[in-house]
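Colleague: One file is attached below, upload-v7.txt, containing compact mmCIF, C-alpha atoms.
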```
# COMPACT_ATOMS: atom_id res chain seq x y z
CA MET R 23 0.00 0.00 0.00
CA THR R 24 1.35 3.39 -0.95
CA ASN R 25 1.72 6.12 1.67
CA ASN R 26 1.62 9.14 -0.63
CA PRO R 27 -0.77 8.45 -3.51
CA VAL R 28 -1.74 10.81 -6.28
CA TYR R 29 -4.69 8.60 -7.17
CA SER R 30 -7.18 6.56 -5.15
CA ILE R 31 -9.08 3.96 -7.19
CA ILE R 32 -12.28 2.77 -5.48
CA ILE R 33 -14.02 -0.45 -6.55
CA PRO R 34 -17.22 -1.80 -4.96
CA HIS R 35 -17.63 -5.58 -5.25
CA HIS R 36 -20.35 -8.17 -4.69
CA ASN R 37 -20.18 -11.86 -5.60
CA ILE R 38 -18.03 -11.64 -8.77
CA PRO R 39 -14.45 -12.37 -7.61
CA LEU R 40 -13.32 -13.72 -11.00
CA LEU R 41 -14.34 -10.50 -12.70
CA LEU R 42 -12.80 -8.49 -9.86
CA ASP R 43 -9.54 -10.34 -10.54
CA ARG R 44 -9.70 -9.18 -14.16
CA CYS R 45 -10.38 -5.60 -13.08
CA LEU R 46 -7.52 -5.50 -10.56
CA SER R 47 -5.14 -7.09 -13.04
CA SER R 48 -5.82 -4.21 -15.45
CA ILE R 49 -4.56 -1.60 -12.96
CA PRO R 50 -0.81 -1.04 -12.94
CA GLN R 51 0.91 -1.40 -9.58
CA ARG R 52 2.38 2.02 -8.87
CA GLU R 53 3.69 3.91 -5.86
CA ASP R 54 1.35 6.81 -6.59
CA VAL R 55 -1.84 4.71 -6.79
CA GLN R 56 -3.96 3.59 -3.83
CA ILE R 57 -6.47 0.85 -4.73
CA ILE R 58 -9.44 0.20 -2.44
CA VAL R 59 -11.85 -2.71 -2.88
CA VAL R 60 -15.04 -2.49 -0.80
CA ASP R 61 -16.71 -5.89 -0.65
CA ASP R 62 -20.46 -5.47 -0.16
CA CYS R 63 -21.09 -8.55 2.01
CA SER R 64 -20.42 -11.19 -0.65
CA SER R 65 -21.88 -14.65 -0.10
CA GLU R 66 -19.86 -17.05 2.03
CA LYS R 67 -19.09 -19.29 -0.96
CA TYR R 68 -16.98 -16.48 -2.46
CA CYS R 69 -14.93 -15.75 0.66
CA ASN R 70 -12.06 -18.11 -0.18
CA GLN R 71 -11.68 -16.59 -3.63
CA LEU R 72 -11.69 -13.08 -2.17
CA HIS R 73 -9.00 -13.95 0.36
CA LYS R 74 -6.93 -15.45 -2.45
CA LEU R 75 -7.24 -12.10 -4.22
CA GLU R 76 -6.11 -10.36 -1.02
CA ARG R 77 -2.96 -12.45 -1.04
CA LYS R 78 -2.41 -12.10 -4.79
CA PHE R 79 -2.82 -8.31 -4.68
CA ASN R 80 -1.22 -7.70 -1.29
CA TYR R 81 -0.69 -4.01 -2.10
CA ILE R 82 -4.46 -3.44 -2.40
CA GLU R 83 -6.72 -2.49 0.51
CA PHE R 84 -9.72 -4.80 0.95
CA ILE R 85 -12.58 -3.57 3.13
CA PHE R 86 -15.26 -6.12 4.02
CA SER R 87 -18.75 -4.87 4.87
CA LYS R 88 -20.63 -7.21 7.20
CA GLU R 89 -24.01 -6.17 5.78
CA CYS R 90 -25.25 -5.47 2.26
CA VAL R 91 -25.04 -1.72 1.84
CA GLY R 92 -25.29 -1.39 -1.96
CA GLY R 93 -22.96 0.15 -4.50
CA GLY R 94 -23.57 3.75 -3.43
CA GLN R 95 -22.71 3.27 0.22
CA ALA R 96 -19.81 0.98 -0.71
CA ARG R 97 -18.30 3.85 -2.73
CA ASN R 98 -18.90 6.21 0.21
CA ILE R 99 -17.00 3.79 2.46
CA GLY R 100 -14.19 3.77 -0.06
CA LEU R 101 -14.09 7.56 -0.06
CA GLU R 102 -13.65 7.54 3.72
CA HIS R 103 -10.44 5.53 3.26
CA ALA R 104 -9.13 7.42 0.21
CA PHE R 105 -6.34 9.97 0.57
CA GLY R 106 -5.11 10.49 -2.98
CA LYS R 107 -5.25 13.89 -4.62
CA TYR R 108 -7.55 12.44 -7.26
CA VAL R 109 -10.23 9.74 -7.09
CA ILE R 110 -11.15 7.23 -9.80
CA PHE R 111 -14.14 4.89 -9.56
CA ALA R 112 -14.41 1.52 -11.27
CA ASP R 113 -16.95 -1.31 -11.22
CA ALA R 114 -15.70 -4.78 -10.40
CA ASP R 115 -16.98 -6.31 -13.66
CA ASP R 116 -15.22 -3.73 -15.86
CA PHE R 117 -11.54 -3.11 -16.53
CA PHE R 118 -9.06 -0.42 -17.56
CA ASN R 119 -7.55 -0.26 -21.03
CA TYR R 120 -3.83 -0.33 -21.78
CA CYS R 121 -3.56 3.46 -21.95
CA VAL R 122 -4.27 3.76 -18.20
CA ASP R 123 -0.59 3.83 -17.23
CA SER R 124 0.26 6.65 -19.63
CA VAL R 125 -2.87 8.56 -18.57
CA LEU R 126 -1.88 8.33 -14.91
CA ASN R 127 1.61 9.57 -15.77
CA GLU R 128 0.28 12.46 -17.82
CA TYR R 129 -2.41 13.70 -15.43
CA LYS R 130 -0.58 13.51 -12.10
CA ASP R 131 1.05 16.90 -12.64
CA LYS R 132 -2.02 18.64 -14.07
CA GLU R 133 -4.43 20.79 -12.10
CA PHE R 134 -8.15 20.20 -12.72
CA ASP R 135 -11.37 19.36 -10.94
CA ILE R 136 -12.63 16.63 -13.27
CA ALA R 137 -11.10 14.96 -16.31
CA TYR R 138 -13.60 13.10 -18.51
CA PHE R 139 -12.51 10.26 -20.79
CA LYS R 140 -14.08 8.23 -23.53
CA GLY R 141 -14.66 4.53 -23.03
CA ASN R 142 -15.47 1.39 -24.94
CA SER R 143 -17.86 -1.43 -24.10
CA LEU R 144 -17.77 -5.19 -24.61
CA ASP R 145 -19.80 -8.23 -23.65
CA THR R 146 -18.10 -9.64 -20.55
CA ASN R 147 -17.97 -13.20 -21.93
CA SER R 148 -17.74 -12.96 -25.71
CA TYR R 149 -15.84 -9.62 -25.82
CA LEU R 150 -18.06 -8.58 -28.70
CA PRO R 151 -18.82 -4.83 -28.85
CA SER R 152 -21.82 -3.41 -27.00
CA ASN R 153 -23.15 0.15 -26.76
CA ARG R 154 -23.10 1.06 -23.06
CA VAL R 155 -20.82 4.08 -23.55
CA ALA R 156 -22.37 5.54 -26.71
CA HIS R 157 -23.91 8.44 -24.77
CA LEU R 158 -20.60 9.33 -23.08
CA ASN R 159 -18.62 9.28 -26.32
CA ASN R 160 -21.30 11.39 -28.00
CA TYR R 161 -21.10 13.99 -25.21
CA ILE R 162 -17.33 14.18 -25.58
CA ASP R 163 -17.58 14.54 -29.36
CA LEU R 164 -20.13 17.35 -28.92
CA TYR R 165 -17.80 19.16 -26.54
CA CYS R 166 -14.75 18.74 -28.77
CA SER R 167 -16.71 20.01 -31.80
CA GLY R 168 -17.70 23.14 -29.87
CA LYS R 169 -21.43 22.31 -29.84
CA ASP R 170 -21.48 22.00 -26.06
CA LYS R 171 -18.71 24.40 -25.12
CA TYR R 172 -19.51 24.31 -21.41
CA ALA R 173 -19.64 20.48 -21.38
CA ASP R 174 -23.07 20.64 -19.76
CA LYS R 175 -24.03 17.18 -20.97
CA LEU R 176 -20.90 15.71 -19.40
CA ARG R 177 -21.37 17.69 -16.21
CA TYR R 178 -25.06 16.94 -15.71
CA LEU R 179 -26.21 14.00 -17.85
CA PHE R 180 -23.27 11.59 -17.67
CA GLY R 181 -24.31 9.92 -14.44
CA GLU R 182 -22.08 6.85 -14.32
CA PRO R 183 -19.06 6.88 -11.98
CA TRP R 184 -16.45 5.59 -14.42
CA CYS R 185 -14.32 7.35 -17.09
CA LYS R 186 -13.60 10.27 -14.75
CA ILE R 187 -10.66 11.44 -12.67
CA ILE R 188 -12.02 13.65 -9.88
CA LYS R 189 -10.18 15.94 -7.51
CA ARG R 190 -10.87 14.56 -4.03
CA GLU R 191 -10.91 18.05 -2.51
CA LEU R 192 -13.93 18.88 -4.70
CA ILE R 193 -15.81 15.96 -3.13
CA VAL R 194 -14.73 16.67 0.44
CA VAL R 195 -15.24 20.45 0.49
CA ASN R 196 -18.75 20.16 -0.95
CA ASN R 197 -19.64 17.07 1.11
CA ILE R 198 -20.74 15.13 -1.97
CA LYS R 199 -21.81 11.54 -1.40
CA TYR R 200 -23.39 8.74 -3.37
CA ASP R 201 -27.07 8.03 -2.81
CA GLU R 202 -27.92 4.73 -1.16
CA THR R 203 -30.70 3.80 -3.59
CA LYS R 204 -30.78 0.41 -5.31
CA ILE R 205 -30.40 1.99 -8.73
CA HIS R 206 -28.99 5.28 -10.03
CA ASN R 207 -27.08 5.81 -6.77
CA ASP R 208 -24.41 7.57 -8.85
CA THR R 209 -26.69 10.12 -10.57
CA THR R 210 -26.76 12.77 -7.83
CA PHE R 211 -23.03 12.43 -7.18
CA ALA R 212 -22.30 12.95 -10.88
CA TYR R 213 -24.30 16.14 -11.38
CA LEU R 214 -23.08 17.63 -8.09
CA ILE R 215 -19.41 17.21 -8.97
CA GLY R 216 -20.24 18.62 -12.40
CA PHE R 217 -21.96 21.59 -10.80
CA TYR R 218 -19.13 22.44 -8.39
CA ALA R 219 -16.25 21.75 -10.79
CA ARG R 220 -14.63 24.92 -12.06
CA TYR R 221 -11.97 23.50 -14.34
CA ILE R 222 -12.60 20.39 -16.39
CA LEU R 223 -10.54 18.51 -18.97
CA VAL R 224 -11.83 16.27 -21.75
CA ASP R 225 -9.75 13.45 -23.24
CA LYS R 226 -10.80 11.38 -26.27
CA ARG R 227 -8.79 8.33 -25.23
CA ALA R 228 -10.81 5.28 -24.17
CA LEU R 229 -9.48 4.91 -20.64
CA TYR R 230 -11.92 2.25 -19.48
CA CYS R 231 -13.91 -0.71 -20.78
CA VAL R 232 -17.50 -1.04 -19.57
CA THR R 233 -18.78 -4.60 -19.83
CA THR R 234 -22.26 -5.93 -20.45
CA ARG R 235 -23.52 -9.03 -18.63
CA GLN R 236 -26.97 -10.49 -18.22
CA ASP R 237 -27.04 -10.64 -14.41
CA SER R 238 -25.64 -7.18 -13.65
CA VAL R 239 -27.46 -4.89 -11.21
CA SER R 240 -28.33 -2.42 -13.98
CA ARG R 241 -30.35 -5.09 -15.81
CA ILE R 242 -32.57 -6.03 -12.88
CA ILE R 243 -36.11 -4.70 -13.33
CA SER R 244 -38.41 -4.33 -10.31
CA ASN R 245 -41.04 -1.94 -8.98
CA ASP R 246 -38.79 -0.55 -6.26
CA ARG R 247 -36.13 0.25 -8.84
CA VAL R 248 -38.69 2.08 -10.97
CA LEU R 249 -39.72 4.15 -7.95
CA SER R 250 -36.07 4.91 -7.15
CA ARG R 251 -35.51 6.08 -10.73
CA ILE R 252 -38.48 8.47 -10.53
CA SER R 253 -37.27 9.89 -7.21
CA VAL R 254 -33.64 10.33 -8.27
CA PHE R 255 -34.39 12.03 -11.58
CA GLY R 256 -37.29 14.00 -10.12
CA ARG R 257 -34.88 15.53 -7.61
CA ALA R 258 -32.31 16.07 -10.35
CA GLU R 259 -34.76 18.07 -12.46
CA LEU R 260 -35.64 20.26 -9.49
CA PHE R 261 -31.94 20.88 -8.85
CA PHE R 262 -31.46 21.88 -12.49
CA LYS R 263 -34.39 24.32 -12.29
CA LYS R 264 -33.20 25.84 -9.04
CA ASN R 265 -29.71 26.46 -10.42
CA ASP R 266 -30.82 27.53 -13.92
CA ILE R 267 -29.12 24.56 -15.60
CA LYS R 268 -30.42 24.43 -19.18
CA VAL R 269 -30.14 20.69 -19.71
CA PRO R 270 -33.30 18.74 -20.68
CA LEU R 271 -33.96 15.73 -18.48
CA TYR R 272 -36.53 13.18 -19.62
CA THR R 273 -35.49 9.92 -17.95
CA HIS R 274 -38.30 9.91 -15.37
CA TYR R 275 -40.93 10.99 -17.90
CA VAL R 276 -39.86 8.25 -20.33
CA GLN R 277 -40.42 5.81 -17.47
CA LEU R 278 -43.93 7.21 -16.88
CA VAL R 279 -44.76 6.92 -20.58
CA ARG R 280 -43.66 3.28 -20.57
CA LEU R 281 -45.83 2.52 -17.55
CA LEU R 282 -48.85 4.00 -19.31
CA VAL R 283 -48.15 2.13 -22.54
CA TYR R 284 -47.85 -1.19 -20.72
CA GLY R 285 -50.90 -0.52 -18.57
CA LYS R 286 -49.10 -0.53 -15.22
CA LEU R 287 -51.46 2.03 -13.76
CA PHE R 288 -50.91 1.26 -10.07
CA LEU R 289 -47.17 1.76 -10.41
CA PHE R 290 -47.80 4.84 -12.56
CA ARG R 291 -49.88 6.39 -9.75
CA GLU R 292 -47.14 5.60 -7.22
CA CYS R 293 -44.60 7.37 -9.42
CA VAL R 294 -46.84 10.41 -9.85
CA LYS R 295 -47.28 10.55 -6.07
CA ILE R 296 -43.49 10.65 -5.63
CA LEU R 297 -43.23 13.60 -8.00
CA SER R 298 -46.16 15.33 -6.33
CA ASP R 299 -44.53 14.90 -2.92
CA LEU R 300 -41.37 16.48 -4.35
CA GLY R 301 -43.42 19.55 -5.30
CA TYR R 302 -44.45 18.92 -8.91
CA SER R 303 -47.96 20.00 -9.89
CA LYS R 304 -50.28 17.51 -11.60
CA LEU R 305 -50.55 19.88 -14.57
CA GLU R 306 -46.78 20.03 -14.93
CA ILE R 307 -46.48 16.24 -14.80
CA CYS R 308 -49.21 15.78 -17.44
CA PHE R 309 -47.63 18.37 -19.74
CA LYS R 310 -44.19 16.72 -19.49
CA ILE R 311 -45.62 13.25 -20.12
CA VAL R 312 -47.37 14.44 -23.29
CA LYS R 313 -44.26 16.29 -24.45
CA THR R 314 -42.10 13.24 -23.80
CA PHE R 315 -44.51 10.99 -25.70
CA VAL R 316 -44.34 13.33 -28.71
CA LEU R 317 -40.53 13.38 -28.56
CA ILE R 318 -40.45 9.58 -28.42
CA ILE R 319 -42.73 9.02 -31.42
CA THR R 320 -40.86 11.65 -33.44
CA LYS R 321 -37.58 9.93 -32.43
CA ARG R 322 -36.12 13.09 -30.91
CA ILE R 323 -35.16 11.30 -27.69
```
Please render this file's structure as structure tokens.

Modeller:
Amino acid sequence: MTNNPVYSIIIPHHNIPLLLDRCLSSIPQREDVQIIVVDDCSSEKYCNQLHKLERKFNYIEFIFSKECVGGGQARNIGLEHAFGKYVIFADADDFFNYCVDSVLNEYKDKEFDIAYFKGNSLDTNSYLPSNRVAHLNNYIDLYCSGKDKYADKLRYLFGEPWCKIIKRELIVVNNIKYDETKIHNDTTFAYLIGFYARYILVDKRALYCVTTRQDSVSRIISNDRVLSRISVFGRAELFFKKNDIKVPLYTHYVQLVRLLVYGKLFLFRECVKILSDLGYSKLEICFKIVKTFVLIITKRI
């Protein structure tokens, strides 16, 4: 373990030690890099494999949570143990690309609040291309072409934790934490660091590979996850309005349209109640649903 890191890499983990091994193997062992794995109460059958990884990567800090806290809280735990100048987040089923070593060399002497990078995506088993980073790469291309000169889409719509190098002081001074929701626990964190960041950098290199797998958390569909999505993005839209952020946000309204189309009226009413409790008027909700439906059928979102 390094005593004076420039970077702290934080990786939450749950029940995928073989993929975690791949992720850790993609990170170069360096004196200026602190690596923290936060195990989110993996099942007992994986304990032996995890302890083997502890021995294999004896320069990496493993923190074992005794109760399931979820990815958001696991990242918050990692932040409590991080002391690098910059923080990088990774998911245990992803991995870094070969350029990571040169990127770490290049950026350690730069001053910035957030550096955004492109990524690529592959199926975790077949390694065939997938499209999980298309939105990120599009946002970076827009910025580099001058069409989004303030990088608002990167700052406020790129909600995932990866493909960023973040100044830890920005997080600490503004007391920014991950939500502890089952889904989209990274959304609030992402737009808050984007809001408070003064100086950003954008790099077109694909620093990180995001994988696709059938049993990942992001693919699980359930009513409580739908309700979490409505709450998270409902609060995000209110934050954007309050701070005069001119970025359209339709995620929660797209969800409402889908519920109506599939006739899930009880869940639809629960979602509307969440927005109403946040302060939305019924008229506003109806107007945004209609507008979103029109945008969907005209293929504008």

Colleague: Given the choices R:Tyr29, R:Tyr138, R:Phe315, R:Phe117, which gets closest to Val232 of chain R if the distance is worked out from all atoms listed in the file?

Modeller: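 Selected residue with least distance to Val232 of chain R: R:Phe117.
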
Colleague: Pick the closest to Lys175 of chain R from R:Phe217, R:Tyr230, R:Tyr149, R:Tyr129: which is it, counting only C-alpha atoms?

Modeller: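 Of the candidates, the smallest distance to Lys175 of chain R is held by R:Phe217.
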
Colleague: Between atom CA of Asp135 of chain R and atom CA of Ile187 of chain R, what is the spacing in Å?

Modeller: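 So the two atoms, atom CA of Ile187 of chain R and atom CA of Asp135 of chain R, lie 8.1 Å apart.
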
Colleague: Between R:Glu133, R:Asn197, R:Asn147, R:Leu271, which has the minimum distance to Arg220 of chain R (counting all atoms listed in the file)?

Modeller: R:Glu133

Colleague: Which residue gives the smallest distance to Glu53 of chain R among R:Ile82, R:Ser148, R:Ala96, R:Lys295, with only C-alpha atoms counted?

Modeller: R:Ile82

Colleague: I'd like the contact shell of Ile110 of chain R - 10 Å cut-off, all atoms listed in the file, skipping same-chain residues fewer than 2 positions apart - returned as a list in words.

Modeller: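 Counting all atoms listed in the file, the residues come to Tyr29, Ser30, Ile31, Ile32, Ile33, Ile57, Gly106, Tyr108, Ala112, Pro183, Trp184, Cys185, Lys186, Ile187, Ile188, Lys189 and Arg190 of chain R.
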
Colleague: Please provide the set of residues having any atom within 12 Å of Glu191 of chain R, restricted to all atoms listed in the file, with same-chain residues fewer than 4 positions apart removed, written as a VMD selection string.

Modeller: chain R and resid 101 104 to 109 133 to 136 195 to 198 215 218 to 219

Colleague: For atom CA of Val60 of chain R and atom CA of Tyr221 of chain R, quote the distance in Å rounded to one decimal.

Modeller: 29.5 Å

Colleague: Work out how far apart atom CA of Leu40 of chain R and atom CA of Asn127 of chain R are and give it in Å to one decimal.

Modeller: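 Here the two named atoms are 28.1 Å from each other.
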
Colleague: Counting only C-alpha atoms, write as a PDB file with C-alpha atoms, keeping the file's coordinate frame all protein and nucleic acid residues lying at most 12 Å from (-43.2, 9.5, -26.8) in the file's frame.

Modeller:
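New file out.pdb:
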```
ATOM      1  CA  TYR R 272     -36.530  13.180 -19.620  1.00  0.00           C
ATOM      2  CA  THR R 273     -35.490   9.920 -17.950  1.00  0.00           C
ATOM      3  CA  TYR R 275     -40.930  10.990 -17.900  1.00  0.00           C
ATOM      4  CA  VAL R 276     -39.860   8.250 -20.330  1.00  0.00           C
ATOM      5  CA  GLN R 277     -40.420   5.810 -17.470  1.00  0.00           C
ATOM      6  CA  LEU R 278     -43.930   7.210 -16.880  1.00  0.00           C
ATOM      7  CA  VAL R 279     -44.760   6.920 -20.580  1.00  0.00           C
ATOM      8  CA  ARG R 280     -43.660   3.280 -20.570  1.00  0.00           C
ATOM      9  CA  LEU R 281     -45.830   2.520 -17.550  1.00  0.00           C
ATOM     10  CA  LEU R 282     -48.850   4.000 -19.310  1.00  0.00           C
ATOM     11  CA  VAL R 283     -48.150   2.130 -22.540  1.00  0.00           C
ATOM     12  CA  LYS R 310     -44.190  16.720 -19.490  1.00  0.00           C
ATOM     13  CA  ILE R 311     -45.620  13.250 -20.120  1.00  0.00           C
ATOM     14  CA  VAL R 312     -47.370  14.440 -23.290  1.00  0.00           C
ATOM     15  CA  LYS R 313     -44.260  16.290 -24.450  1.00  0.00           C
ATOM     16  CA  THR R 314     -42.100  13.240 -23.800  1.00  0.00           C
ATOM     17  CA  PHE R 315     -44.510  10.990 -25.700  1.00  0.00           C
ATOM     18  CA  VAL R 316     -44.340  13.330 -28.710  1.00  0.00           C
ATOM     19  CA  LEU R 317     -40.530  13.380 -28.560  1.00  0.00           C
ATOM     20  CA  ILE R 318     -40.450   9.580 -28.420  1.00  0.00           C
ATOM     21  CA  ILE R 319     -42.730   9.020 -31.420  1.00  0.00           C
ATOM     22  CA  THR R 320     -40.860  11.650 -33.440  1.00  0.00           C
ATOM     23  CA  LYS R 321     -37.580   9.930 -32.430  1.00  0.00           C
ATOM     24  CA  ARG R 322     -36.120  13.090 -30.910  1.00  0.00           C
ATOM     25  CA  ILE R 323     -35.160  11.300 -27.690  1.00  0.00           C
TER      26      ILE R 323
END
```

Colleague: From the list R:Tyr161, R:Tyr81, R:Tyr172, R:Phe118, which residue is nearest Ile267 of chain R when using all atoms listed in the file?

Modeller: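 Using all atoms listed in the file, the shortest distance to Ile267 of chain R belongs to R:Tyr172.
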
Colleague: R:Lys268, R:Lys67, R:Lys204, R:Lys140: which is nearest Asp170 of chain R, counting only C-alpha atoms?

Modeller: R:Lys268

Colleague: Enclose segment 182-192 of chain R, meaning all of its atoms listed in the file, in a box aligned along x, y and z, pad it by 8 Å on each side, and list the centre and edge lengths in Å to one decimal, as AutoDock Vina command-line options.

Modeller:
```
--center_x -16.1 --center_y 12.2 --center_z -9.8 --size_x 27.9 --size_y 29.3 --size_z 30.6
```

Colleague: May I have the residues within 9 Å of Leu300 of chain R as a list of chain:residue names, using all atoms listed in the file and disregarding those fewer than 5 positions away in the same chain?

Modeller: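 My list of contacting residues is R:Ser253, R:Gly256, R:Arg257, R:Leu260, R:Lys295.
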
Colleague: Determine, counting all atoms listed in the file, which protein, DNA and RNA residues have an atom within 8 Å of an atom of Pro39 of chain R; residues of the same chain fewer than 6 positions away are not included. Present the result as a PyMOL selection string.

Modeller: chain R and resi 68+71-72+75

Colleague: Skipping near chain neighbours, those fewer than 2 positions away, what residues fall within 10 Å of Leu42 of chain R using all atoms listed in the file, listed as a list in words?

Modeller: Ile33, Pro34, His35, His36, Asn37, Ile38, Pro39, Leu40, Arg44, Cys45, Leu46, Ser47, Ser48, Val59, Leu72, Leu75, Asp113, Ala114, Asp115, Asp116 and Phe117 of chain R
